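Inspection log for the structure reproduced underneath, given as structure tokens.
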Amino acid sequence: MKIYGQDEFTVLFSRMKILEQVEAIAKRIKTNFSNQSDGRPILLICVLNGAMYFFVELTKMLSDKDILIDTIGLSSYRNGVDSAQIITIVKKLDIDPRGYHVLVVEDIIDTGLTIQFLRNLLVEAGAASVQFCCLLDKRPRRMVQVDIQYVGFVMENDEFVVGYGLDYNGRYRNLPYIAALHPRMYKK
Ligand code: IMP
């Protein structure tokens, strides 16, 4: 049985720290929810697979709110750490977003191309509004200007992170914390 070696990565954000941030985001969403006048449920969309741990924790903290949840699967990250320019949908939404206030929940925003793609998709589909929430805002490689309403952690360094849903070639998702993968693990 292969287990992850502790020398493969450095822990950046502990499970406790993550929970604190998720709680803070949930609080802000609730406040904004109360200020929303039209009373319609908000449609929360989880971007698979990376955001799933974050999404589950966040939506459980919104249990006193009327929300709808859905998932979308995108393929945009084909070569390990290099972001591909072409984004394709591998799992469509089940709920028609037309007329809904939508909150997209992402694991990490890097170049910004993924959320730009999602914004265009949702606006074209007739969403009443589109907002973004991400656990990690990794800024050094940003290619497009993006407006993110809720951010857990800002990353000023260009590090490849894993854990808490984030993977490298499918591995490390189940780490309970977020860690920077040692470059020797992907620069071969
Ligand atoms: P963007 O389109 O470049 O903003 O990339 C967003 C997607 O790239 C995220 O949803 C992740 O799937 C992936 N990604 C970017 N940086 C990392 C990272 O450090 N670790 C794991 N996945 C990443």
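By order in the structure tokens, chains are A, B, ...; within a chain, residues start at 1; ligands start at 1, following the order shown.
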
Practice task
Could the residues that lie within 7 Å of ligand 1, counting only C-alpha atoms and all ligand atoms, be listed as a PyMOL selection string?
Solution key: chain A and resi 50+76-77+81+83+106-115+159-162+166-168

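Summary of the local environment: counting only C-alpha atoms, residues at most 8 Å from Leu103 (chain A), other than itself and those fewer than 4 positions away along its chain, are A:Ile42, A:Leu43, A:Leu44, A:Ile45, A:Val130, A:Gln131, A:Phe132, A:Cys133.
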
Handout entry: Contacts of Val151 (chain A) within 12 Å, only C-alpha atoms, excl. fewer than 3 positions in-chain, as a PyMOL selection string
Key = chain A and resi 18+21-26+28-29+54+104-109+131-139+147-148+154-155

Practice task
Would you mind telling me which residue in A:Phe13, A:Tyr100, A:Tyr53, A:Tyr186 lies nearest to Phe153 (chain A) when using only C-alpha atoms?
Solution key: A:Phe13

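CA of Gly73 (chain A) is positioned 8.4 Å from CA of Leu93 (chain A).
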
Exercise for the section: Identify, with DSSP run on backbone atoms, the residues in region 72-183 of chain A assigned to strand (DSSP E or B), and express the list as a PyMOL selection string. Expected result: chain A and resi 72-75+79+82+88-91+101-109+129-138+150-155+161-163+166+168+171+178-181

Fill in the blank from the handout: Restricting to only C-alpha atoms, whichever of A:Leu68, A:Cys46, A:Leu181, A:Met52 is closest to Gly5 (chain A) is A:Leu181
